[in-house]
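Each remark here refers to the structure printed beneath this line.
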Amino acid sequence: MAAEGEVTFSPATGHASRTGTAERQSTIPWSRLGLYALAIGMVVLMTFPLLWMVSTAFKGPTEIFTSTPQLIPSAPTFENFQVAFTTKPVGDWILNSTITATLTTLLRLSIAVPAAYVFARLLLPVTRLLLIVVIGTMIIPGVVTLVPNYLLVVRLGWINTWLGVIVPMAASSAFFIFLLRQHIMQIPTDLYDAAELDGAGMVRTLWDIVIPLIRPGLVAVAALSFLWGWNAYLWPLLVLPGPESQTLAVGLGTYASDPEGAQLWGPLMAVALISSLPPLLLFLVAQKHLATALTSGSKG
Amino acid sequence: MAVMRTTPQPAPQSNVPTSRLVTAIAMLLPVLTLALIFEYWPAVRSLYLMFFDWNLVSQDPEFVGFQNFRTIVNDSRFITSIRNTVAYAAILAPLQIVLPLGMALVLRPLATSRLSLAYRTLLFLPMVISLPVAAVIWLWMLNPVNGVVNGTIEALGGIGVNWLNEPRPAMASVIVVADWSSIGFNILLYLTALEGIPHDVRDAARLDGASEWALFRGIEWPLISPTFFFIVLTTVLFVNNEIFGVINILTHGGPYSSTSNVLYYLYERGFRFFQAGEASALAITLVGFFLIVTWIQFRVGERKVHYGS
């Protein structure tokens, strides 16, 4: 038995370690094992519903309704996707989700980037006041604007149109302006001054200097905006009542609620899988960009 | 012109020619216009609409004073939705605040392992998919006929539960789905906060014979309490807004309004029964409720965060 303070070799960790007491030495690997078990249990619990969705999406009708369910489909099939696409306008939903999420992001960035640049660059009483006006919208809760905005969209004739989703959603971009402004403020001011000495105006400086420098932040903000747009539910539910005008999130919800759709678990999971894929892929790809965006300030 | 320098960076320009100012205002104009049309004006309009009786179709809204508030208060479904909102907050708060803290503490010792990125990604996945998708997956899992949840319970010798058609199980279901789809974010926030704590501080204290609880109380808690406070604040907002999608797909507020919250009730009054005035009155009431809760949280939170450290 190792005496106190002696250097020992622990087979579990493969390291030579200096331990305080003999007792500690034997408990460390066990508690470590328990920790791993707990962590694995948590991860399994959290990911099981997603695995179950994927599994059901590829199961045939008889396998879905067996009494002893299996995670891996015994005979994987695309039948559920066929049923979903033929009974519901899933193609339209995919198009609507893609267009609204993409255009909301583009519109939002095209108005938010110049605003963020002005707010970062000019610290005048006027621009400060306007910054408060813009950031102030973050305090206005969504519930308060719901009914009046719906009435406005009806008046504009935007019900069942992409515009009805895109414009009001892009209008709430204070959070994005705030994020972008943080990124722009980290650019050394010498860079602007040099550009302006060369006679470049604000628009040119923004385009040539600022946008290339904040690209990682811009990608992260764009990814976030696309995710929000793609996953938006309440507002598209209100302004897109027509079956063919709906987005995937709204369409999936109504599909699950209507009498013919309920119980069609295979096709429902197929649509659920389709609507989860872009956010999941985007998250996996943008994870790095998000990290870059967060650490870009500390590198200097 | 005296301009306060608030940033450590070289101060942005404070003295500009008029032509530049004009360009700057032009660059701000789209954002300001949209903010006025879709944020400020609607907020003002809600304050006005709440005094009118209007079904969204007829030409003239009719002024009714505080009638909308009286109608709401006398509707038993409103009282139920308030009670449910409070119940959701009371049950979800610990599940969103304390549970992820526990999970982060379990995961923290593994933070240096190669698995770190894998489990972070996996835990975050439910957060990335939308609430409607989450709700539909669980609709299938909780289905009484072939759902995997009842299947598992029965395989273990238990009796299946009619999850979505009985008040208490239905509310439990909404809570589980809402918690599942959002808890990952809070775990990551806590993990990030915990990793900011230097290892040698803990090791030194442990060598002095401090217990795990004493370590947590003395070292981690003071340092993560701002994160904790932030999560407390966002949870209440989440409970009322985001949970709407889960309720609308999982239970439609039922059975017998037992799972409806205030936002769901507002949605029904405004967009199922087309009572614009009532919905506006509800929205304003809800905002008042939020402000009070947030204010209380700030008061309590301030004290906790200061004296805890």
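Identifiers for the structure tokens are assigned positionally: chains receive A, B, ... in sequence, residues are indexed from 1 per chain, and ligands are indexed from 1 in the order shown.
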Pull out every residue of chain B sitting within 6 Å of chain A, counting only C-alpha atoms, and send them as a ChimeraX atom specification. /B:12-14,24,27-28,31,34-35,42-43,129-130,132-133,249,283
Export of prior selection with C-alpha atoms as a JSON list (two decimals), in the first residue's frame:
```json
[["chain", "number", "residue", "atom", "x", "y", "z"],
["B", 12, "PRO", "CA", -15.40, 56.75, -32.34],
["B", 13, "GLN", "CA", -15.55, 59.94, -34.31],
["B", 14, "SER", "CA", -17.51, 62.70, -32.60],
["B", 24, "ALA", "CA", -25.24, 58.15, -41.62],
["B", 27, "MET", "CA", -28.00, 54.28, -43.41],
["B", 28, "LEU", "CA", -30.10, 54.21, -40.25],
["B", 31, "VAL", "CA", -34.02, 50.16, -39.42],
["B", 34, "LEU", "CA", -39.30, 49.36, -39.62],
["B", 35, "ALA", "CA", -38.91, 49.78, -35.85],
["B", 42, "PRO", "CA", -48.29, 48.56, -32.68],
["B", 43, "ALA", "CA", -47.40, 48.97, -29.00],
["B", 129, "ILE", "CA", -34.73, 21.95, -33.66],
["B", 130, "SER", "CA", -37.93, 23.96, -33.44],
["B", 132, "PRO", "CA", -43.19, 22.38, -33.14],
["B", 133, "VAL", "CA", -40.88, 19.56, -34.23],
["B", 249, "ILE", "CA", -49.51, 21.15, -30.91],
["B", 283, "ALA", "CA", -51.51, 41.66, -23.93]]
```
Run DSSP on the backbone and tell me which residues of segment 149-194 of chain A come out as helix (DSSP H, G or I); list them as a ChimeraX atom specification. /A:149-155,162-171,174-185,189-194
Excluding Ala281 of chain B and its own-chain neighbours fewer than 4 positions away, which residues fall within 12 Å of it when counting only C-alpha atoms? Please give them as a ChimeraX atom specification. /A:143-144,147 /B:43,45-54,64-73,262,266,269-270,275-277,285-288
Might you pull out every residue within 7 Å of Ile97 of chain B, with only C-alpha atoms counted and same-chain residues fewer than 3 positions away left off, and present them as a VMD selection string? chain B and resid 93 to 94 100 to 101 231 to 232
Would you list the contacts of Met103 of chain B as a PDB file with C-alpha atoms, in the first residue's frame, taking every protein, DNA or RNA residue within 10 Å and counting only C-alpha atoms, but skipping same-chain residues closer than 6 positions in sequence?
```pdb
ATOM      1  CA  LEU A  38     -24.184   9.613 -15.415  1.00  0.00           C
ATOM      2  CA  ALA A  39     -22.968  11.692 -18.347  1.00  0.00           C
ATOM      3  CA  MET A  42     -27.919  12.220 -19.664  1.00  0.00           C
TER       4      MET A  42
ATOM      5  CA  ILE B 183     -32.365  22.771 -21.158  1.00  0.00           C
ATOM      6  CA  GLY B 184     -29.244  22.269 -23.335  1.00  0.00           C
ATOM      7  CA  ASN B 186     -28.645  26.465 -19.866  1.00  0.00           C
ATOM      8  CA  ILE B 187     -26.263  23.519 -19.395  1.00  0.00           C
ATOM      9  CA  LEU B 188     -23.848  25.181 -21.824  1.00  0.00           C
ATOM     10  CA  TYR B 190     -23.315  26.929 -16.733  1.00  0.00           C
ATOM     11  CA  LEU B 191     -20.462  24.871 -18.217  1.00  0.00           C
TER      12      LEU B 191
END
```
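Comparing the minimum interatomic distances between Thr259 of chain B and each of B:Ile224, B:Leu32, B:Ala134, B:Ile243, counting only C-alpha atoms, we find that B:Ile243 sits nearest.
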Using only C-alpha atoms, pick whichever of B:Ser257, B:Trp295, B:Glu166, B:Ala205 has the shortest atom-to-atom distance to Arg77 of chain B. B:Ser257
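Picture a line from atom CA of Glu63 of chain A to atom CA of Val83 of chain A; it runs 15.9 Å.
The interatomic distance for the pair atom CA of Gly229 of chain A and atom CA of Ala101 of chain A works out to 4.4 Å.
Counting from atom CA of Glu242 of chain B, the distance to atom CA of Thr85 of chain B is 12.3 Å.
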Strand (DSSP E) per DSSP on the backbone: members of segment 3-161 of chain B, as a PyMOL selection string: chain B and resi 52-53+62-63
Could you write out the selected residues, including N, CA and C atoms, as an mmCIF file, in the first residue's frame?
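Output file again-v7.cif follows:
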```cif
data_model
loop_
_atom_site.group_PDB
_atom_site.id
_atom_site.type_symbol
_atom_site.label_atom_id
_atom_site.label_comp_id
_atom_site.auth_asym_id
_atom_site.auth_seq_id
_atom_site.Cartn_x
_atom_site.Cartn_y
_atom_site.Cartn_z
ATOM 1 N N PHE B 52 -61.570 49.095 -27.010
ATOM 2 C CA PHE B 52 -62.579 48.974 -28.058
ATOM 3 C C PHE B 52 -63.074 47.551 -28.217
ATOM 4 N N ASP B 53 -64.320 47.460 -28.696
ATOM 5 C CA ASP B 53 -64.871 46.159 -29.044
ATOM 6 C C ASP B 53 -64.780 46.042 -30.555
ATOM 7 N N GLU B 62 -65.880 49.762 -31.663
ATOM 8 C CA GLU B 62 -66.766 50.505 -30.783
ATOM 9 C C GLU B 62 -66.103 50.718 -29.439
ATOM 10 N N PHE B 63 -66.114 51.977 -28.958
ATOM 11 C CA PHE B 63 -65.466 52.276 -27.685
ATOM 12 C C PHE B 63 -66.267 51.670 -26.538
#
```
